[in-house]
$ cat coords32.cif   # mmCIF, C-alpha atoms (C1' of nucleotides)
data_run
loop_
_atom_site.label_atom_id
_atom_site.label_comp_id
_atom_site.auth_asym_id
_atom_site.auth_seq_id
_atom_site.Cartn_x
_atom_site.Cartn_y
_atom_site.Cartn_z
CA MET U 1 -121.26 -28.41 -68.19
CA THR U 2 -120.61 -30.85 -70.98
CA ASN U 3 -117.39 -30.95 -72.93
CA LYS U 4 -116.33 -31.96 -76.39
CA LEU U 5 -115.41 -35.46 -75.29
CA ASP U 6 -118.64 -36.44 -73.58
CA ASP U 7 -119.95 -38.35 -76.56
CA VAL U 8 -116.79 -40.46 -76.52
CA PHE U 9 -116.96 -41.11 -72.79
CA VAL U 10 -120.55 -42.37 -72.96
CA HIS U 11 -120.03 -44.43 -76.09
CA PRO U 12 -120.91 -48.06 -75.31
CA GLY U 13 -117.72 -49.24 -76.97
CA HIS U 14 -115.51 -47.00 -74.87
CA LEU U 15 -117.37 -47.99 -71.70
CA ILE U 16 -117.04 -51.67 -72.48
CA ARG U 17 -113.33 -51.23 -73.11
CA ARG U 18 -112.96 -49.57 -69.71
CA ALA U 19 -115.08 -52.20 -68.00
CA HIS U 20 -112.86 -54.81 -69.62
CA GLN U 21 -109.72 -53.15 -68.25
CA ILE U 22 -111.24 -53.14 -64.78
CA HIS U 23 -112.18 -56.78 -65.07
CA MET U 24 -108.75 -57.83 -66.33
CA SER U 25 -107.04 -56.00 -63.51
CA LEU U 26 -109.24 -57.49 -60.80
CA PHE U 27 -109.10 -60.96 -62.32
CA GLU U 28 -105.33 -60.96 -62.43
CA ASP U 29 -105.20 -59.75 -58.88
CA GLU U 30 -107.69 -62.32 -57.59
CA PHE U 31 -106.25 -65.33 -59.45
CA ALA U 32 -102.61 -64.27 -59.09
CA VAL U 33 -101.75 -67.07 -56.68
CA TYR U 34 -102.94 -69.70 -59.15
CA ASP U 35 -101.64 -67.93 -62.27
CA ILE U 36 -104.83 -68.60 -64.21
CA SER U 37 -106.22 -66.31 -66.92
CA PRO U 38 -109.93 -65.64 -67.52
CA VAL U 39 -110.09 -67.90 -70.55
CA GLN U 40 -108.10 -70.65 -68.85
CA TYR U 41 -110.66 -70.66 -66.07
CA VAL U 42 -113.58 -70.90 -68.51
CA ILE U 43 -111.85 -73.75 -70.31
CA LEU U 44 -111.27 -75.62 -67.06
CA ARG U 45 -114.92 -75.20 -66.15
CA THR U 46 -115.97 -76.33 -69.61
CA VAL U 47 -113.89 -79.48 -69.45
CA GLU U 48 -115.25 -80.18 -65.99
CA ALA U 49 -118.85 -79.74 -67.13
CA LEU U 50 -118.55 -81.90 -70.24
CA ASP U 51 -116.22 -84.45 -68.68
CA GLU U 52 -114.59 -84.97 -72.08
CA VAL U 53 -114.43 -82.44 -74.93
CA ASP U 54 -112.51 -81.87 -78.10
CA LEU U 55 -110.65 -78.61 -78.62
CA SER U 56 -113.07 -77.05 -81.11
CA THR U 57 -116.10 -77.67 -78.96
CA ALA U 58 -114.32 -76.30 -75.91
CA ALA U 59 -113.30 -73.21 -77.88
CA GLY U 60 -116.92 -72.68 -78.95
CA ILE U 61 -118.28 -72.98 -75.45
CA ALA U 62 -115.62 -70.74 -73.95
CA ALA U 63 -116.08 -68.27 -76.82
CA VAL U 64 -112.43 -68.16 -77.86
CA ASP U 65 -110.89 -68.68 -81.27
CA LYS U 66 -109.35 -72.11 -81.80
CA PRO U 67 -105.68 -71.12 -82.02
CA SER U 68 -105.97 -69.28 -78.70
CA CYS U 69 -107.77 -72.24 -77.20
CA THR U 70 -104.94 -74.50 -78.34
CA ARG U 71 -102.37 -72.32 -76.61
CA PHE U 72 -104.33 -72.02 -73.38
CA VAL U 73 -104.93 -75.74 -73.28
CA SER U 74 -101.25 -76.42 -73.94
CA ARG U 75 -100.42 -74.36 -70.90
CA LEU U 76 -103.00 -76.21 -68.81
CA VAL U 77 -101.60 -79.52 -70.01
CA GLU U 78 -98.04 -78.40 -69.17
CA ARG U 79 -99.20 -77.60 -65.69
CA GLY U 80 -100.86 -80.97 -65.36
CA LEU U 81 -104.38 -79.60 -64.90
CA VAL U 82 -105.79 -81.05 -68.12
CA SER U 83 -104.97 -84.16 -70.12
CA MET U 84 -105.09 -84.27 -73.90
CA SER U 85 -105.37 -87.45 -75.96
CA SER U 86 -106.22 -88.26 -79.54
CA ASP U 87 -109.67 -89.62 -80.21
CA LYS U 88 -109.09 -93.23 -81.31
CA ALA U 89 -112.08 -93.07 -83.64
CA ASP U 90 -110.75 -89.90 -85.27
CA GLN U 91 -107.08 -89.20 -84.87
CA ARG U 92 -107.57 -85.54 -85.74
CA ARG U 93 -109.59 -84.76 -82.66
CA LYS U 94 -107.84 -84.10 -79.36
CA LEU U 95 -109.92 -84.94 -76.34
CA LEU U 96 -109.55 -82.96 -73.14
CA ARG U 97 -110.20 -84.19 -69.64
CA LEU U 98 -109.48 -82.79 -66.21
CA THR U 99 -106.66 -84.46 -64.33
CA SER U 100 -107.25 -85.07 -60.65
CA LYS U 101 -104.91 -82.16 -60.01
CA GLY U 102 -107.14 -79.97 -62.17
CA ARG U 103 -110.27 -81.24 -60.48
CA ASN U 104 -108.80 -80.59 -57.06
CA LEU U 105 -107.83 -77.06 -58.02
CA LEU U 106 -111.29 -76.03 -59.18
CA PRO U 107 -112.91 -75.32 -55.81
CA ALA U 108 -110.22 -72.78 -55.03
CA LEU U 109 -110.63 -71.19 -58.45
CA ASN U 110 -114.38 -71.05 -58.00
CA ALA U 111 -113.82 -69.21 -54.73
CA CYS U 112 -111.59 -66.72 -56.59
CA SER U 113 -114.32 -66.31 -59.16
CA ASP U 114 -116.87 -65.57 -56.44
CA ASN U 115 -114.55 -63.07 -54.79
CA LEU U 116 -113.94 -61.46 -58.14
CA GLU U 117 -117.65 -61.07 -58.80
CA GLU U 118 -118.13 -59.58 -55.36
CA ARG U 119 -115.29 -57.10 -55.87
CA MET U 120 -116.54 -56.16 -59.32
CA MET U 121 -120.05 -55.51 -58.09
CA GLU U 122 -119.66 -54.31 -54.52
CA ARG U 123 -119.82 -50.65 -55.45
CA LEU U 124 -123.18 -51.05 -57.17
CA SER U 125 -126.45 -51.42 -55.31
CA PRO U 126 -127.92 -54.95 -55.37
CA ASP U 127 -130.65 -53.75 -57.68
CA ARG U 128 -128.15 -52.29 -60.13
CA ARG U 129 -125.97 -55.38 -60.03
CA ARG U 130 -128.92 -57.46 -61.15
CA ARG U 131 -129.83 -55.00 -63.86
CA LEU U 132 -126.29 -54.80 -65.18
CA ILE U 133 -125.93 -58.58 -65.34
CA ASP U 134 -129.32 -58.89 -67.02
CA LEU U 135 -128.47 -56.30 -69.62
CA LEU U 136 -125.05 -57.79 -70.30
CA VAL U 137 -126.56 -61.24 -70.70
CA GLU U 138 -129.03 -59.80 -73.16
CA PHE U 139 -126.35 -57.81 -74.98
CA ALA U 140 -123.98 -60.76 -75.32
CA SER U 141 -126.77 -63.07 -76.35
CA LEU U 142 -128.40 -60.79 -78.92
CA ASN U 143 -125.07 -59.88 -80.49
CA ASN U 144 -123.34 -63.22 -80.16
CA ASP U 145 -123.22 -63.71 -83.92
CA LEU U 146 -121.30 -60.45 -84.32
CA SER U 147 -118.35 -61.67 -82.29
CA ARG U 148 -115.30 -63.15 -84.03
CA ALA U 149 -115.37 -66.03 -81.57
CA PRO U 150 -119.07 -66.49 -80.85
CA HIS U 151 -120.31 -68.72 -78.08
CA LYS U 152 -121.61 -72.06 -79.29
CA THR U 153 -123.93 -74.11 -77.15
CA PRO U 154 -122.46 -77.58 -76.74
CA PRO U 155 -124.27 -80.43 -78.50
CA ALA U 156 -125.36 -81.73 -75.10
CA VAL U 157 -124.18 -80.11 -71.92
CA ARG U 158 -124.73 -82.62 -69.19
CA GLN U 159 -127.56 -81.48 -66.95
CA ASN U 160 -125.80 -82.45 -63.78
CA THR U 161 -127.60 -79.95 -61.60
CA HIS U 162 -130.68 -82.10 -61.42
CA ALA U 163 -129.10 -85.46 -61.84
CA LEU U 164 -131.74 -87.96 -60.84
CA ASP U 165 -129.60 -90.55 -59.22
CA ASP U 166 -126.96 -88.31 -57.74
CA VAL U 167 -128.36 -87.74 -54.30
CA GLN U 168 -125.19 -87.02 -52.42
CA GLY U 169 -122.04 -86.21 -54.46
CA MET T 1 -132.96 -76.31 -66.95
CA THR T 2 -129.74 -74.91 -65.67
CA ASN T 3 -126.38 -76.51 -66.25
CA LYS T 4 -123.04 -76.62 -64.51
CA LEU T 5 -121.69 -73.72 -66.52
CA ASP T 6 -124.43 -71.21 -65.87
CA ASP T 7 -122.57 -69.44 -63.11
CA VAL T 8 -119.68 -68.88 -65.53
CA PHE T 9 -121.92 -67.60 -68.29
CA VAL T 10 -123.59 -65.01 -66.05
CA HIS T 11 -120.38 -63.90 -64.39
CA PRO T 12 -119.93 -60.17 -65.00
CA GLY T 13 -116.32 -60.72 -66.02
CA HIS T 14 -117.20 -63.29 -68.65
CA LEU T 15 -120.03 -61.11 -69.95
CA ILE T 16 -117.79 -58.09 -70.19
CA ARG T 17 -115.20 -60.13 -72.07
CA ARG T 18 -117.85 -61.20 -74.56
CA ALA T 19 -119.21 -57.68 -74.89
CA HIS T 20 -115.66 -56.54 -75.54
CA GLN T 21 -115.23 -59.12 -78.33
CA ILE T 22 -118.44 -57.92 -79.92
CA HIS T 23 -117.34 -54.31 -79.71
CA MET T 24 -113.91 -55.03 -81.15
CA SER T 25 -115.39 -56.92 -84.04
CA LEU T 26 -117.92 -54.22 -84.89
CA PHE T 27 -115.40 -51.43 -84.42
CA GLU T 28 -112.92 -53.02 -86.76
CA ASP T 29 -115.62 -53.57 -89.31
CA GLU T 30 -116.98 -50.03 -89.09
CA PHE T 31 -113.61 -48.26 -89.13
CA ALA T 32 -111.95 -50.65 -91.58
CA VAL T 33 -111.79 -48.11 -94.39
CA TYR T 34 -109.85 -45.68 -92.23
CA ASP T 35 -107.76 -48.30 -90.44
CA ILE T 36 -108.26 -46.70 -87.05
CA SER T 37 -108.36 -48.60 -83.75
CA PRO T 38 -110.61 -47.75 -80.78
CA VAL T 39 -107.81 -46.16 -78.81
CA GLN T 40 -106.50 -44.25 -81.82
CA TYR T 41 -109.94 -42.73 -82.23
CA VAL T 42 -110.12 -41.68 -78.56
CA ILE T 43 -106.65 -40.16 -78.82
CA LEU T 44 -107.60 -38.20 -81.93
CA ARG T 45 -110.71 -36.90 -80.19
CA THR T 46 -108.68 -36.01 -77.10
CA VAL T 47 -106.14 -34.03 -79.10
CA GLU T 48 -108.96 -32.29 -80.92
CA ALA T 49 -110.70 -31.37 -77.68
CA LEU T 50 -107.61 -30.05 -75.91
CA ASP T 51 -106.06 -28.51 -79.02
CA GLU T 52 -102.60 -29.27 -77.61
CA VAL T 53 -101.71 -32.06 -75.16
CA ASP T 54 -98.68 -33.89 -73.95
CA LEU T 55 -98.51 -37.66 -74.22
CA SER T 56 -99.09 -38.46 -70.55
CA THR T 57 -102.15 -36.29 -70.29
CA ALA T 58 -103.56 -37.75 -73.47
CA ALA T 59 -102.94 -41.26 -72.15
CA GLY T 60 -104.77 -40.43 -68.94
CA ILE T 61 -107.78 -38.99 -70.72
CA ALA T 62 -107.97 -41.87 -73.17
CA ALA T 63 -107.44 -44.35 -70.33
CA VAL T 64 -104.48 -46.14 -71.89
CA ASP T 65 -101.08 -46.85 -70.43
CA LYS T 66 -98.33 -44.51 -71.60
CA PRO T 67 -96.25 -46.98 -73.64
CA SER T 68 -99.34 -47.96 -75.63
CA CYS T 69 -100.24 -44.33 -76.08
CA THR T 70 -96.76 -43.68 -77.44
CA ARG T 71 -97.15 -46.46 -79.97
CA PHE T 72 -100.60 -45.35 -81.10
CA VAL T 73 -99.49 -41.76 -81.41
CA SER T 74 -96.42 -42.79 -83.41
CA ARG T 75 -98.71 -44.48 -85.86
CA LEU T 76 -100.95 -41.41 -86.06
CA VAL T 77 -97.89 -39.22 -86.63
CA GLU T 78 -96.61 -41.58 -89.36
CA ARG T 79 -99.95 -41.25 -91.08
CA GLY T 80 -99.84 -37.48 -90.82
CA LEU T 81 -102.94 -37.16 -88.67
CA VAL T 82 -101.16 -35.79 -85.60
CA SER T 83 -98.04 -33.69 -85.17
CA MET T 84 -95.64 -34.14 -82.28
CA SER T 85 -93.16 -31.53 -81.10
CA SER T 86 -91.08 -31.03 -78.01
CA ASP T 87 -92.30 -28.46 -75.53
CA LYS T 88 -89.74 -25.66 -75.67
CA ALA T 89 -90.22 -24.93 -71.98
CA ASP T 90 -89.65 -28.58 -71.08
CA GLN T 91 -87.82 -30.70 -73.61
CA ARG T 92 -89.10 -33.89 -72.02
CA ARG T 93 -92.70 -33.24 -72.91
CA LYS T 94 -93.96 -34.04 -76.40
CA LEU T 95 -96.89 -31.93 -77.44
CA LEU T 96 -99.53 -33.33 -79.73
CA ARG T 97 -101.70 -31.39 -82.14
CA LEU T 98 -104.03 -32.40 -84.92
CA THR T 99 -102.76 -31.78 -88.41
CA SER T 100 -105.24 -30.38 -90.89
CA LYS T 101 -105.37 -33.87 -92.38
CA GLY T 102 -106.31 -35.23 -88.97
CA ARG T 103 -108.88 -32.52 -88.43
CA ASN T 104 -110.41 -33.16 -91.82
CA LEU T 105 -110.65 -36.87 -91.14
CA LEU T 106 -112.53 -36.54 -87.87
CA PRO T 107 -116.05 -35.94 -89.22
CA ALA T 108 -115.88 -39.23 -91.11
CA LEU T 109 -114.60 -41.02 -88.03
CA ASN T 110 -117.36 -39.51 -85.92
CA ALA T 111 -119.87 -40.86 -88.43
CA CYS T 112 -118.29 -44.32 -88.06
CA SER T 113 -118.55 -43.97 -84.31
CA ASP T 114 -122.23 -43.11 -84.56
CA ASN T 115 -122.86 -46.04 -86.88
CA LEU T 116 -120.97 -48.29 -84.50
CA GLU T 117 -123.09 -47.19 -81.56
CA GLU T 118 -126.23 -47.76 -83.57
CA ARG T 119 -125.11 -51.23 -84.61
CA MET T 120 -124.10 -52.13 -81.07
CA MET T 121 -127.40 -51.02 -79.61
CA GLU T 122 -129.94 -51.69 -82.32
CA ARG T 123 -130.97 -55.04 -80.92
CA LEU T 124 -131.86 -53.57 -77.54
CA SER T 125 -134.99 -51.55 -76.87
CA PRO T 126 -134.40 -47.81 -76.47
CA ASP T 127 -135.17 -48.13 -72.79
CA ARG T 128 -132.60 -50.88 -72.32
CA ARG T 129 -129.99 -49.03 -74.32
CA ARG T 130 -130.26 -46.12 -71.93
CA ARG T 131 -130.14 -48.37 -68.90
CA LEU T 132 -127.10 -50.24 -70.18
CA ILE T 133 -125.19 -47.04 -70.92
CA ASP T 134 -126.14 -45.63 -67.52
CA LEU T 135 -125.00 -48.72 -65.71
CA LEU T 136 -121.75 -48.93 -67.66
CA VAL T 137 -121.02 -45.27 -66.96
CA GLU T 138 -121.61 -45.93 -63.29
CA PHE T 139 -119.56 -49.13 -63.34
CA ALA T 140 -116.58 -47.53 -65.11
CA SER T 141 -116.75 -44.48 -62.92
CA LEU T 142 -117.08 -46.26 -59.57
CA ASN T 143 -114.30 -48.71 -60.40
CA ASN T 144 -112.02 -46.39 -62.31
CA ASP T 145 -109.30 -46.62 -59.69
CA LEU T 146 -109.17 -50.40 -60.07
CA SER T 147 -108.08 -50.20 -63.71
CA ARG T 148 -104.39 -50.41 -64.56
CA ALA T 149 -104.83 -47.42 -66.84
CA PRO T 150 -107.49 -45.35 -65.10
CA HIS T 151 -109.15 -42.39 -66.74
CA LYS T 152 -107.81 -39.04 -65.56
CA THR T 153 -109.83 -35.91 -66.01
CA PRO T 154 -107.66 -33.37 -67.78
CA PRO T 155 -106.52 -30.35 -65.73
CA ALA T 156 -108.83 -28.17 -67.78
CA VAL T 157 -110.80 -29.58 -70.66
CA ARG T 158 -111.74 -26.65 -72.80
CA GLN T 159 -115.46 -26.05 -72.54
CA ASN T 160 -115.84 -25.40 -76.23
CA THR T 161 -119.47 -26.35 -76.32
CA HIS T 162 -120.46 -23.03 -74.86
CA ALA T 163 -117.53 -20.95 -75.96
CA LEU T 164 -118.45 -17.37 -75.26
CA ASP T 165 -116.40 -15.56 -77.83
CA ASP T 166 -116.16 -18.23 -80.47
CA VAL T 167 -119.05 -17.25 -82.67
CA GLN T 168 -117.73 -18.51 -85.96
CA GLY T 169 -114.44 -20.42 -86.01
"C1'" DC D 1 -108.08 -97.81 -104.63
"C1'" DT D 2 -107.07 -92.86 -105.84
"C1'" DC D 3 -107.98 -88.24 -105.90
"C1'" DC D 4 -110.42 -84.55 -103.85
"C1'" DA D 5 -112.85 -82.13 -100.57
"C1'" DA D 6 -113.87 -81.42 -95.71
"C1'" DT D 7 -112.54 -81.26 -90.88
"C1'" DA D 8 -109.35 -80.68 -86.60
"C1'" DT D 9 -105.44 -78.85 -85.06
"C1'" DT D 10 -101.29 -76.26 -85.19
"C1'" DT D 11 -98.03 -72.75 -86.81
"C1'" DA D 12 -96.86 -68.15 -88.25
"C1'" DG D 13 -97.70 -63.57 -88.10
"C1'" DT D 14 -99.97 -59.15 -86.41
"C1'" DA D 15 -101.99 -55.74 -83.11
"C1'" DT D 16 -103.28 -54.77 -78.37
"C1'" DG D 17 -102.33 -53.68 -73.47
"C1'" DC D 18 -99.79 -54.12 -70.00
"C1'" DT D 19 -95.01 -54.14 -66.67
"C1'" DA D 20 -90.39 -53.05 -65.91
"C1'" DA D 21 -86.29 -51.05 -67.22
"C1'" DA D 22 -83.67 -47.56 -69.88
"C1'" DT D 23 -83.04 -42.83 -71.45
"C1'" DA D 24 -83.35 -37.92 -71.41
"C1'" DT D 25 -84.42 -33.76 -69.31
"C1'" DA D 26 -85.69 -30.92 -65.37
"C1'" DA D 27 -85.84 -29.58 -60.56
"C1'" DT D 28 -83.90 -29.80 -55.96
"C1'" DT D 29 -80.49 -30.18 -52.34
"C1'" DG D 30 -76.46 -29.41 -50.22
"C1'" DC K 1 -72.71 -25.75 -59.39
"C1'" DA K 2 -72.37 -31.04 -58.54
"C1'" DA K 3 -75.11 -34.77 -57.12
"C1'" DT K 4 -79.55 -36.55 -56.41
"C1'" DT K 5 -84.16 -37.05 -57.19
"C1'" DA K 6 -88.18 -36.64 -59.96
"C1'" DT K 7 -90.64 -36.55 -64.32
"C1'" DA K 8 -91.65 -37.63 -69.48
"C1'" DT K 9 -90.95 -40.64 -72.87
"C1'" DT K 10 -89.28 -44.69 -75.04
"C1'" DT K 11 -87.62 -49.46 -75.40
"C1'" DA K 12 -87.87 -54.28 -74.40
"C1'" DG K 13 -90.44 -57.99 -73.23
"C1'" DC K 14 -94.62 -60.77 -72.31
"C1'" DA K 15 -99.57 -62.52 -72.65
"C1'" DT K 16 -103.84 -62.02 -75.18
"C1'" DA K 17 -106.83 -62.48 -79.29
"C1'" DC K 18 -107.30 -62.60 -83.54
"C1'" DT K 19 -106.44 -64.03 -89.19
"C1'" DA K 20 -104.46 -66.78 -92.58
"C1'" DA K 21 -101.86 -70.48 -93.97
"C1'" DA K 22 -99.87 -75.14 -93.15
"C1'" DT K 23 -100.43 -79.96 -91.60
"C1'" DA K 24 -102.74 -84.17 -90.60
"C1'" DT K 25 -106.52 -87.06 -90.90
"C1'" DT K 26 -110.97 -88.51 -92.50
"C1'" DG K 27 -114.73 -89.35 -95.76
"C1'" DG K 28 -116.41 -89.59 -100.40
"C1'" DA K 29 -116.75 -89.71 -105.63
"C1'" DG K 30 -115.38 -91.75 -109.38
#

$ encode --input "coords32.cif" --output "structure tokens"
Amino acid sequence: MTNKLDDVFVHPGHLIRRAHQIHMSLFEDEFAVYDISPVQYVILRTVEALDEVDLSTAAGIAAVDKPSCTRFVSRLVERGLVSMSSDKADQRRKLLRLTSKGRNLLPALNACSDNLEERMMERLSPDRRRRLIDLLVEFASLNNDLSRAPHKTPPAVRQNTHALDDVQG
Amino acid sequence: MTNKLDDVFVHPGHLIRRAHQIHMSLFEDEFAVYDISPVQYVILRTVEALDEVDLSTAAGIAAVDKPSCTRFVSRLVERGLVSMSSDKADQRRKLLRLTSKGRNLLPALNACSDNLEERMMERLSPDRRRRLIDLLVEFASLNNDLSRAPHKTPPAVRQNTHALDDVQG
DNA sequence: CTCCAATATTTAGTATGCTAAATATAATTG
DNA sequence: CAATTATATTTAGCATACTAAATATTGGAG
């Protein structure tokens, strides 16, 4: 009951391409109201987490090439979600920060992100969801160096989740 | 030891995007000599499998939108790998066939595809490779309808693998 | 201080992957 | 058979994701 195309259909590359199409479609649908793209969202979250970042570092964390990062950031700046200013100590570097508008928007975007994850995974059993995430984490991590825009761990991501003196907000 | 970005980094959408980058990079590298893109390869294999297909059907099998399929096919026709002719019974339909040049190229491309799969999976244990493929097959299959260019099973894919009266060519 | 190399960003250019609209042909309805 | 509707393909246009080259600034070597 196999056919001549089966080896194509079960090729990891082909499957990842199809998974990517599904993700893009659901993402666009879920974030449509806010007109935010996947990479824009990662950049916003990166800027939020680091409080202040230069473009190259943000690109590395978000795993995008720098020219694309520049364009996405420009759009975010146009929309008033991010501010960009030259580093006084080094005029080449452009430092990014969230504006209050950007900061206020994030909770809604995080809700979209949660909905998106739910919609992406709802047709898999809980056990399989976990397995798929685990395997994708391993795949992306083990092969990170093979990507054209590899993820780069920031020099020091603030460990806000267990901030010692941050008892209540 | 977690940080504020962990929920982004383990989001299935983000992971699939990174997996896609890795695939694209390796594919381009592996097929560089032949200058063939992932979708071009699937289209070539589709035309080979069906012997003769119209553009829309090919697009559905390859899981690409029709305008993109048109463009990819045009390129394949320019390069003399595929022939395109109007269906005499319905002048709207364009029928695709492999040229002998295209047919002769396929074994080399299939070797690239095998190498690509090996390179994509070599850093995972055999057990995890299987699991990942299984889960991606399930994911793509269960969510196929959510894609903007869903896969469509062809009306009748020739079952050449057990051709009854096709003993030798 | 000047020239040269290195770094950060931006610009230009290309291919992909989609939507929406235009075109061409076929099928249907009255 | 004329008019309408439906189907197949193509064109136009837009956002993404890269590479390579251009620009601006900094940091050193002599």

$ interface_residues --input "coords32.cif" --of "chain T" --to "chain U" --cutoff "6 Å" --atoms "only C-alpha atoms" --output "mmCIF file with C-alpha atoms, in the coordinates of the input"
data_model
loop_
_atom_site.group_PDB
_atom_site.id
_atom_site.type_symbol
_atom_site.label_atom_id
_atom_site.label_comp_id
_atom_site.auth_asym_id
_atom_site.auth_seq_id
_atom_site.Cartn_x
_atom_site.Cartn_y
_atom_site.Cartn_z
ATOM 1 C CA ASN T 3 -126.380 -76.510 -66.250
ATOM 2 C CA LYS T 4 -123.040 -76.620 -64.510
ATOM 3 C CA GLY T 13 -116.320 -60.720 -66.020
ATOM 4 C CA ILE T 16 -117.790 -58.090 -70.190
ATOM 5 C CA ALA T 19 -119.210 -57.680 -74.890
ATOM 6 C CA HIS T 20 -115.660 -56.540 -75.540
ATOM 7 C CA GLN T 21 -115.230 -59.120 -78.330
ATOM 8 C CA ILE T 22 -118.440 -57.920 -79.920
ATOM 9 C CA HIS T 23 -117.340 -54.310 -79.710
ATOM 10 C CA SER T 25 -115.390 -56.920 -84.040
ATOM 11 C CA ALA T 49 -110.700 -31.370 -77.680
ATOM 12 C CA ALA T 140 -116.580 -47.530 -65.110
ATOM 13 C CA LEU T 146 -109.170 -50.400 -60.070
ATOM 14 C CA SER T 147 -108.080 -50.200 -63.710
ATOM 15 C CA GLN T 159 -115.460 -26.050 -72.540
#

$ interface_residues --input "coords32.cif" --of "chain U" --to "chain D" --cutoff "8 Å" --atoms "all atoms listed in the file" --output "list of chain:residue names"
U:Ser56, U:Pro67, U:Thr70, U:Arg92, U:Arg93

$ write_last_selection --input "coords32.cif" --atoms "C-alpha atoms" --output "PDB file, keeping the file's coordinate frame"
ATOM      1  CA  SER U  56    -113.070 -77.050 -81.110  1.00  0.00           C
ATOM      2  CA  PRO U  67    -105.680 -71.120 -82.020  1.00  0.00           C
ATOM      3  CA  THR U  70    -104.940 -74.500 -78.340  1.00  0.00           C
ATOM      4  CA  ARG U  92    -107.570 -85.540 -85.740  1.00  0.00           C
ATOM      5  CA  ARG U  93    -109.590 -84.760 -82.660  1.00  0.00           C
TER       6      ARG U  93
END

$ resolve_selection --input "coords32.cif" --expression "the PyMOL selection byres ((chain K) within 12 of (chain U))" --output "PyMOL selection string"
chain K and resi 15-20+23-27

$ resolve_selection --input "coords32.cif" --expression "the PyMOL selection byres ((chain T and resi 100-104) around 10)" --output "MDAnalysis selection string"
chainID T and resid 44:45 47:48 76:77 79:83 97:99 105:109

$ atom_distance --input "coords32.cif" --atom1 "CA of Ser86 in chain U" --atom2 "CA of Arg71 in chain U"
16.7 Å

$ atom_distance --input "coords32.cif" --atom1 "CA of Lys88 in chain T" --atom2 "CA of Val73 in chain T"
19.7 Å

$ atom_distance --input "coords32.cif" --atom1 "CA of Glu30 in chain T" --atom2 "CA of Cys69 in chain U"
26.8 Å

$ residues_around --input "coords32.cif" --residues "Met84 in chain T" --least-positions-apart "4" --cutoff "7 Å" --atoms "only C-alpha atoms (C1' of nucleotides)" --output "JSON, numbers by chain"
{"T": [94, 95, 96, 97]}
